$ cat upload02.cif   # mmCIF, C-alpha atoms
data_final
#
loop_
_atom_site.label_atom_id
_atom_site.label_comp_id
_atom_site.auth_asym_id
_atom_site.auth_seq_id
_atom_site.Cartn_x
_atom_site.Cartn_y
_atom_site.Cartn_z
CA MET A 1 53.07 124.72 88.74
CA PHE A 2 54.70 126.80 91.47
CA SER A 3 53.32 124.81 94.42
CA TYR A 4 56.27 122.38 94.60
CA PRO A 5 59.00 125.05 94.94
CA ARG A 6 56.90 126.73 97.65
CA ARG A 7 56.91 123.48 99.61
CA LEU A 8 60.67 123.30 99.27
CA GLN A 9 61.04 126.86 100.49
CA SER A 10 58.71 126.22 103.41
CA GLY A 11 61.29 123.96 105.06
CA HIS A 12 60.63 120.46 103.70
CA PHE A 13 63.70 120.51 101.49
CA THR A 14 65.84 121.97 104.27
CA CYS A 15 64.76 119.15 106.59
CA TYR A 16 65.58 116.65 103.87
CA LEU A 17 69.05 118.11 103.45
CA ASN A 18 69.62 118.06 107.21
CA ARG A 19 68.58 114.42 107.46
CA THR A 20 70.84 113.57 104.52
CA TYR A 21 73.75 115.43 106.17
CA HIS A 22 73.18 113.61 109.48
CA VAL A 23 73.18 110.22 107.73
CA LEU A 24 76.32 111.11 105.76
CA THR A 25 78.36 112.32 108.74
CA THR A 26 77.25 109.34 110.84
CA ARG A 27 78.37 106.96 108.10
CA ILE A 28 81.70 108.76 107.82
CA PHE A 29 82.16 108.42 111.60
CA HIS A 30 81.57 104.67 111.44
CA LEU A 31 83.63 104.21 108.28
CA LEU A 32 86.69 106.23 109.32
CA LEU A 33 86.78 105.51 113.05
CA VAL A 34 84.57 102.68 114.25
CA LEU A 35 85.30 100.21 111.43
CA PRO A 36 89.14 100.45 111.57
CA LEU A 37 89.08 100.15 115.37
CA THR A 38 86.80 97.14 115.17
CA ILE A 39 89.17 95.52 112.68
CA MET A 40 92.02 96.26 115.09
CA LEU A 41 90.14 94.50 117.91
CA VAL A 42 89.47 91.45 115.76
CA ALA A 43 93.08 91.43 114.55
CA ALA A 44 94.36 91.44 118.14
CA LEU A 45 92.20 88.44 119.03
CA LEU A 46 93.11 86.56 115.85
CA GLY A 47 96.81 87.36 116.22
CA ALA A 48 96.81 86.18 119.81
CA ALA A 49 95.00 82.99 118.84
CA VAL A 50 97.59 82.28 116.15
CA ASP A 51 100.48 82.96 118.54
CA VAL A 52 99.21 80.64 121.29
CA ARG A 53 97.60 78.20 118.83
CA SER A 54 94.44 78.21 120.89
CA VAL A 55 91.12 80.02 121.03
CA SER A 56 90.50 79.40 124.72
CA TRP A 57 89.86 82.59 126.69
CA THR A 58 92.48 81.64 129.27
CA SER A 59 95.18 81.43 126.58
CA LEU A 60 94.05 84.67 124.95
CA GLN A 61 94.04 86.42 128.33
CA GLN A 62 97.61 85.37 128.95
CA ARG A 63 98.82 86.38 125.49
CA LEU A 64 97.07 89.77 125.57
CA ARG A 65 98.10 90.41 129.18
CA LEU A 66 94.54 90.54 130.47
CA GLY A 67 95.08 88.49 133.61
CA ILE A 68 93.61 89.60 136.94
CA PRO A 69 95.53 92.75 137.96
CA SER A 70 97.41 92.91 141.24
CA GLY A 71 97.09 95.81 143.66
CA THR A 72 100.22 97.44 142.28
CA VAL A 73 98.86 97.24 138.73
CA TRP A 74 95.73 99.09 139.88
CA LEU A 75 97.94 101.78 141.40
CA TRP A 76 99.66 102.25 138.06
CA ALA A 77 96.24 102.32 136.38
CA ALA A 78 95.15 105.09 138.74
CA ALA A 79 98.35 107.03 138.07
CA LEU A 80 97.95 106.69 134.31
CA SER A 81 94.32 107.81 134.54
CA GLY A 82 95.32 111.03 136.28
CA PHE A 83 98.16 111.63 133.83
CA MET A 84 95.92 111.19 130.79
CA TYR A 85 92.96 113.15 132.15
CA GLY A 86 95.20 116.12 132.89
CA GLY A 87 94.96 119.15 135.10
CA THR A 88 96.89 120.24 138.17
CA TRP A 89 95.21 118.01 140.72
CA ALA A 90 95.06 115.06 138.32
CA ASP A 91 98.79 115.37 137.65
CA ILE A 92 99.57 115.57 141.38
CA PHE A 93 97.44 112.47 141.86
CA ALA A 94 99.30 110.73 139.01
CA VAL A 95 102.72 111.43 140.53
CA ALA A 96 101.56 110.35 144.01
CA MET A 97 100.09 107.08 142.72
CA SER A 98 103.20 106.37 140.64
CA TRP A 99 105.47 106.90 143.61
CA PHE A 100 103.21 104.76 145.77
CA ALA A 101 103.35 101.99 143.13
CA LEU A 102 107.15 102.19 142.97
CA TRP A 103 107.33 102.04 146.77
CA LYS A 104 105.01 99.01 146.81
CA GLU A 105 107.21 97.32 144.21
CA GLY A 106 110.23 97.91 146.42
CA THR A 107 112.25 99.25 143.52
CA ARG A 108 115.90 100.06 144.09
CA LYS A 109 115.96 102.41 141.10
CA LYS A 110 115.40 105.64 143.01
CA TRP A 111 115.94 107.69 139.88
CA LEU A 112 112.54 106.47 138.65
CA PHE A 113 110.85 108.71 141.22
CA VAL A 114 112.64 111.72 139.77
CA ALA A 115 112.04 110.59 136.18
CA ILE A 116 108.29 110.36 136.74
CA LEU A 117 108.21 113.86 138.22
CA ILE A 118 110.25 115.24 135.32
CA GLY A 119 107.99 113.49 132.81
CA THR A 120 104.90 115.03 134.39
CA LEU A 121 106.50 118.49 134.45
CA LEU A 122 107.47 118.06 130.80
CA LYS A 123 103.86 117.29 129.90
CA ARG A 124 102.61 120.29 131.85
CA ASN A 125 105.13 122.68 130.25
CA ALA A 126 105.16 121.25 126.74
CA ALA A 127 103.22 124.31 125.58
CA LEU A 128 106.48 126.24 125.72
CA PHE A 129 107.44 124.45 122.50
CA GLN A 130 104.00 124.86 120.90
CA PRO A 131 104.76 127.87 118.64
CA THR A 132 107.81 126.17 117.15
CA LEU A 133 106.29 122.72 116.74
CA GLN A 134 103.00 124.10 115.44
CA SER A 135 104.86 125.77 112.58
CA VAL A 136 105.57 122.30 111.16
CA ARG A 137 102.40 121.29 109.34
CA PHE A 138 101.58 117.90 107.91
CA PHE A 139 98.30 118.96 106.31
CA ASP A 140 95.79 121.82 106.28
CA PRO A 141 93.14 121.16 108.95
CA SER A 142 90.77 123.88 107.77
CA GLY A 143 88.73 121.58 105.54
CA PHE A 144 87.33 118.13 106.30
CA HIS A 145 89.45 117.63 109.43
CA SER A 146 88.02 120.63 111.29
CA ALA A 147 84.49 120.03 110.04
CA PHE A 148 84.52 116.37 111.10
CA PHE A 149 85.97 116.85 114.59
CA SER A 150 83.68 119.81 115.29
CA HIS A 151 80.76 117.39 115.56
CA PHE A 152 81.80 115.72 118.83
CA GLY A 153 79.68 118.02 120.99
CA PRO A 154 78.51 120.02 122.72
CA ARG A 155 75.91 121.10 120.14
CA ASP A 156 75.68 117.94 118.07
CA PHE A 157 77.23 114.54 117.50
CA MET A 158 77.94 113.79 113.87
CA GLY A 159 75.19 116.22 112.86
CA VAL A 160 72.58 114.81 115.25
CA PRO A 161 71.38 117.48 117.74
CA LEU A 162 72.39 116.59 121.31
CA PRO A 163 69.81 118.33 123.57
CA GLY A 164 67.68 115.62 125.18
CA ALA A 165 69.26 112.78 123.16
CA TRP A 166 70.50 110.57 126.01
CA TRP A 167 70.93 107.59 123.72
CA ILE A 168 73.93 109.30 122.06
CA PRO A 169 76.26 109.35 125.14
CA VAL A 170 75.23 105.77 125.91
CA TYR A 171 75.93 104.67 122.34
CA TYR A 172 79.21 106.60 122.25
CA ALA A 173 80.32 105.09 125.57
CA VAL A 174 79.64 101.53 124.39
CA VAL A 175 81.17 101.98 120.94
CA MET A 176 84.24 103.81 122.22
CA LEU A 177 84.80 101.41 125.12
CA VAL A 178 84.54 98.32 122.94
CA CYS A 179 86.02 99.58 119.67
CA ASN A 180 88.26 102.52 120.54
CA ILE A 181 89.60 101.47 123.95
CA GLY A 182 89.27 97.74 123.33
CA GLY A 183 90.62 97.89 119.79
CA GLU A 184 93.59 100.15 120.45
CA GLU A 185 94.62 98.72 123.80
CA LEU A 186 94.30 95.04 122.90
CA TRP A 187 96.13 95.58 119.62
CA TRP A 188 98.83 98.00 120.74
CA ARG A 189 99.47 97.22 124.40
CA GLY A 190 98.17 93.66 124.36
CA TYR A 191 99.50 92.29 121.07
CA VAL A 192 102.14 94.61 119.58
CA LEU A 193 104.07 95.69 122.70
CA PRO A 194 105.07 92.15 123.80
CA ARG A 195 106.48 91.56 120.32
CA GLN A 196 108.35 94.86 120.40
CA GLU A 197 109.82 93.89 123.78
CA LEU A 198 111.39 90.87 122.08
CA ALA A 199 112.95 93.15 119.47
CA PHE A 200 113.87 96.24 121.49
CA GLY A 201 114.13 94.96 125.04
CA THR A 202 113.86 97.51 127.83
CA ALA A 203 113.61 100.37 125.31
CA ALA A 204 110.47 98.95 123.70
CA TRP A 205 108.18 101.40 125.52
CA VAL A 206 109.89 104.36 123.84
CA VAL A 207 109.62 102.85 120.36
CA HIS A 208 106.06 101.78 121.06
CA GLY A 209 104.99 105.23 122.25
CA ILE A 210 106.36 106.91 119.14
CA CYS A 211 104.74 104.33 116.85
CA TRP A 212 101.38 104.75 118.61
CA SER A 213 101.61 108.51 118.17
CA ALA A 214 102.41 108.11 114.47
CA PHE A 215 99.35 105.87 114.16
CA HIS A 216 97.25 108.96 114.98
CA LEU A 217 98.82 111.19 112.31
CA PHE A 218 95.49 111.38 110.48
CA MET A 219 94.19 113.57 113.33
CA GLN A 220 97.43 115.48 113.95
CA PRO A 221 97.77 118.40 111.52
CA THR A 222 100.99 119.72 113.13
CA LEU A 223 104.11 118.41 114.82
CA TRP A 224 102.79 119.92 118.06
CA ASP A 225 99.83 117.54 117.98
CA THR A 226 102.18 114.62 117.34
CA ALA A 227 104.46 115.60 120.22
CA ARG A 228 101.55 115.82 122.66
CA MET A 229 100.31 112.42 121.56
CA ALA A 230 103.82 110.97 121.85
CA ILE A 231 104.00 112.01 125.51
CA THR A 232 100.77 110.16 126.16
CA GLY A 233 101.87 107.16 124.12
CA VAL A 234 105.19 106.84 125.92
CA ALA A 235 103.42 107.01 129.30
CA LEU A 236 100.96 104.31 128.25
CA ALA A 237 103.73 102.07 126.96
CA PHE A 238 105.95 102.60 130.03
CA VAL A 239 103.22 101.50 132.43
CA ALA A 240 102.12 98.61 130.19
CA GLN A 241 105.68 97.29 129.88
CA ARG A 242 106.47 97.74 133.56
CA THR A 243 103.30 96.01 134.79
CA LYS A 244 103.13 93.45 131.98
CA SER A 245 99.41 94.17 131.96
CA THR A 246 97.03 95.75 129.45
CA TRP A 247 94.56 96.86 132.13
CA PRO A 248 96.29 100.14 133.09
CA GLY A 249 96.12 101.23 129.46
CA ILE A 250 92.43 100.35 129.24
CA VAL A 251 91.63 102.32 132.39
CA GLY A 252 93.95 105.23 131.58
CA HIS A 253 92.80 105.49 127.96
CA SER A 254 89.20 105.60 129.16
CA PHE A 255 89.97 108.58 131.39
CA GLY A 256 91.90 110.22 128.57
CA ASN A 257 88.78 110.08 126.38
CA LEU A 258 86.48 111.16 129.20
CA PRO A 259 86.39 114.86 128.14
CA PHE A 260 84.78 113.83 124.83
CA PHE A 261 82.08 111.92 126.70
CA LEU A 262 81.50 114.80 129.13
CA SER A 263 81.14 117.16 126.17
CA LEU A 264 78.33 114.96 124.84
CA VAL A 265 76.62 114.85 128.24
CA LYS A 266 76.87 118.64 128.47
CA GLY A 267 75.18 118.90 125.09
CA VAL A 268 72.40 116.50 126.08
CA ILE A 269 71.45 118.40 129.25
CA SER A 270 71.65 121.81 127.56
CA GLN A 271 68.47 123.52 126.42
#
$ encode --input "upload02.cif" --output "structure tokens"
Amino acid sequence: MFSYPRRLQSGHFTCYLNRTYHVLTTRIFHLLLVLPLTIMLVAALLGAAVDVRSVSWTSLQQRLRLGIPSGTVWLWAAALSGFMYGGTWADIFAVAMSWFALWKEGTRKKWLFVAILIGTLLKRNAALFQPTLQSVRFFDPSGFHSAFFSHFGPRDFMGVPLPGAWWIPVYYAVVMLVCNIGGEELWWRGYVLPRQELAFGTAAWVVHGICWSAFHLFMQPTLWDTARMAITGVALAFVAQRTKSTWPGIVGHSFGNLPFFLSLVKGVISQ
């Protein structure tokens, strides 16, 4: 009568619990992140189709600002990528590409060169305000929030061990590119921003950046996290509004999420 408990103690029950935990966390990941982002992607396509009263790809491209980018748009995309990836050299690259794009545009607003430099310096020195802003808490991150976001590498991904599991970075890349990048950029920069431009004019990028940051409040336990996200959101919106293209946001957002992907790769190649 004691043989069954011995089997549980020998590791079978532990393995069962681990498998159950992996399934649960994976489902939570898809329910809380992948599903809403997928809905956002579908909503952007449906909203664009309603606006243009057509389902042709050419019409949807025009409405969502997905036309073929010009050379200047690619320069802005490169600048945004450096800005979002972060780091000294990336920020220098971002400023250089932004200035090059402004020069190519032939802008007469010379103050934009200074504004871009100040914006980059503000991002780099925002930590000066961290103690004050971090004292303003929206929720306690010590529970589910910390536990959930601790499973994005480098040891595991949603409870699934990473070493040797090359399918996980591939799956993550596809899901995040289509759902996260595609969903957020097509909805926010492709669909929402043009409407906000009608309402707020040249100031739409500021409103848009703040709204996009607020959209991420579920993963921002303090005002410091919100402020950092707002800086990114304003930069995304500024470039999107200036270029009238969604492509810089797609490229820049991809580079912004690159550290998560690299963390997974690091976990896969670790022993």
$ residues_near_point --input "upload02.cif" --point "(103.8, 112.2, 115.0)" --cutoff "12 Å" --atoms "all atoms listed in the file" --output "number ranges by chain"
A: 133-134, 136-138, 209-233
$ resolve_selection --input "upload02.cif" --expression "the PyMOL selection byres ((chain A and resi 96-108) around 8)" --output "PyMOL selection string"
chain A and resi 72-73+75-76+78-79+92-95+109-110+113+116
$ resolve_selection --input "upload02.cif" --expression "the PyMOL selection byres ((chain A and resi 247-251) around 9)" --output "ChimeraX atom specification"
/A:65-69,73-81,177,181-182,184-186,189,236-237,239-240,243,245-246,252-256
$ axis_aligned_box --input "upload02.cif" --around "region 251-258 of chain A" --padding-each-side "3 Å" --output "JSON"
{"center_x": 90.2, "center_y": 106.7, "center_z": 129.4, "size_x": 13.5, "size_y": 14.8, "size_z": 12.0}
$ atom_distance --input "upload02.cif" --atom1 "CA of Ser54 (chain A)" --atom2 "CA of Gly201 (chain A)"
26.2 Å
$ decode --input "upload02.cif" --residues "region 144-159 of chain A" --atoms "N, CA and C atoms" --output "short mmCIF file (atom, residue, chain, number, x, y, z; two decimals), in the first residue's frame"
data_model
loop_
_atom_site.label_atom_id
_atom_site.label_comp_id
_atom_site.auth_asym_id
_atom_site.auth_seq_id
_atom_site.Cartn_x
_atom_site.Cartn_y
_atom_site.Cartn_z
N PHE A 144 2.72 38.15 -9.03
CA PHE A 144 2.60 37.56 -10.36
C PHE A 144 3.46 38.28 -11.40
N HIS A 145 3.53 39.62 -11.31
CA HIS A 145 4.27 40.40 -12.29
C HIS A 145 5.72 39.94 -12.39
N SER A 146 6.40 39.89 -11.25
CA SER A 146 7.81 39.49 -11.24
C SER A 146 7.98 38.04 -11.66
N ALA A 147 7.08 37.18 -11.19
CA ALA A 147 7.18 35.76 -11.53
C ALA A 147 6.99 35.53 -13.02
N PHE A 148 6.04 36.24 -13.61
CA PHE A 148 5.75 36.05 -15.04
C PHE A 148 6.91 36.53 -15.90
N PHE A 149 7.38 37.75 -15.65
CA PHE A 149 8.42 38.32 -16.51
C PHE A 149 9.82 37.79 -16.21
N SER A 150 9.94 36.93 -15.20
CA SER A 150 11.23 36.29 -14.93
C SER A 150 11.45 35.08 -15.82
N HIS A 151 10.43 34.72 -16.60
CA HIS A 151 10.53 33.52 -17.45
C HIS A 151 10.74 33.87 -18.92
N PHE A 152 11.45 34.97 -19.18
CA PHE A 152 11.80 35.35 -20.55
C PHE A 152 13.30 35.16 -20.79
N GLY A 153 13.87 34.13 -20.21
CA GLY A 153 15.28 33.84 -20.35
C GLY A 153 16.07 34.45 -19.20
N PRO A 154 17.37 34.08 -19.07
CA PRO A 154 18.07 33.14 -19.97
C PRO A 154 17.98 31.68 -19.56
N ARG A 155 17.34 31.38 -18.42
CA ARG A 155 17.27 29.98 -17.98
C ARG A 155 16.11 29.23 -18.62
N ASP A 156 14.97 29.90 -18.74
CA ASP A 156 13.79 29.24 -19.29
C ASP A 156 12.91 30.26 -19.98
N PHE A 157 11.97 29.75 -20.76
CA PHE A 157 10.97 30.60 -21.40
C PHE A 157 9.60 30.05 -21.05
N MET A 158 8.90 30.78 -20.22
CA MET A 158 7.59 30.37 -19.73
C MET A 158 7.63 28.98 -19.10
N GLY A 159 8.73 28.72 -18.34
CA GLY A 159 8.85 27.46 -17.63
C GLY A 159 9.50 26.35 -18.43
#
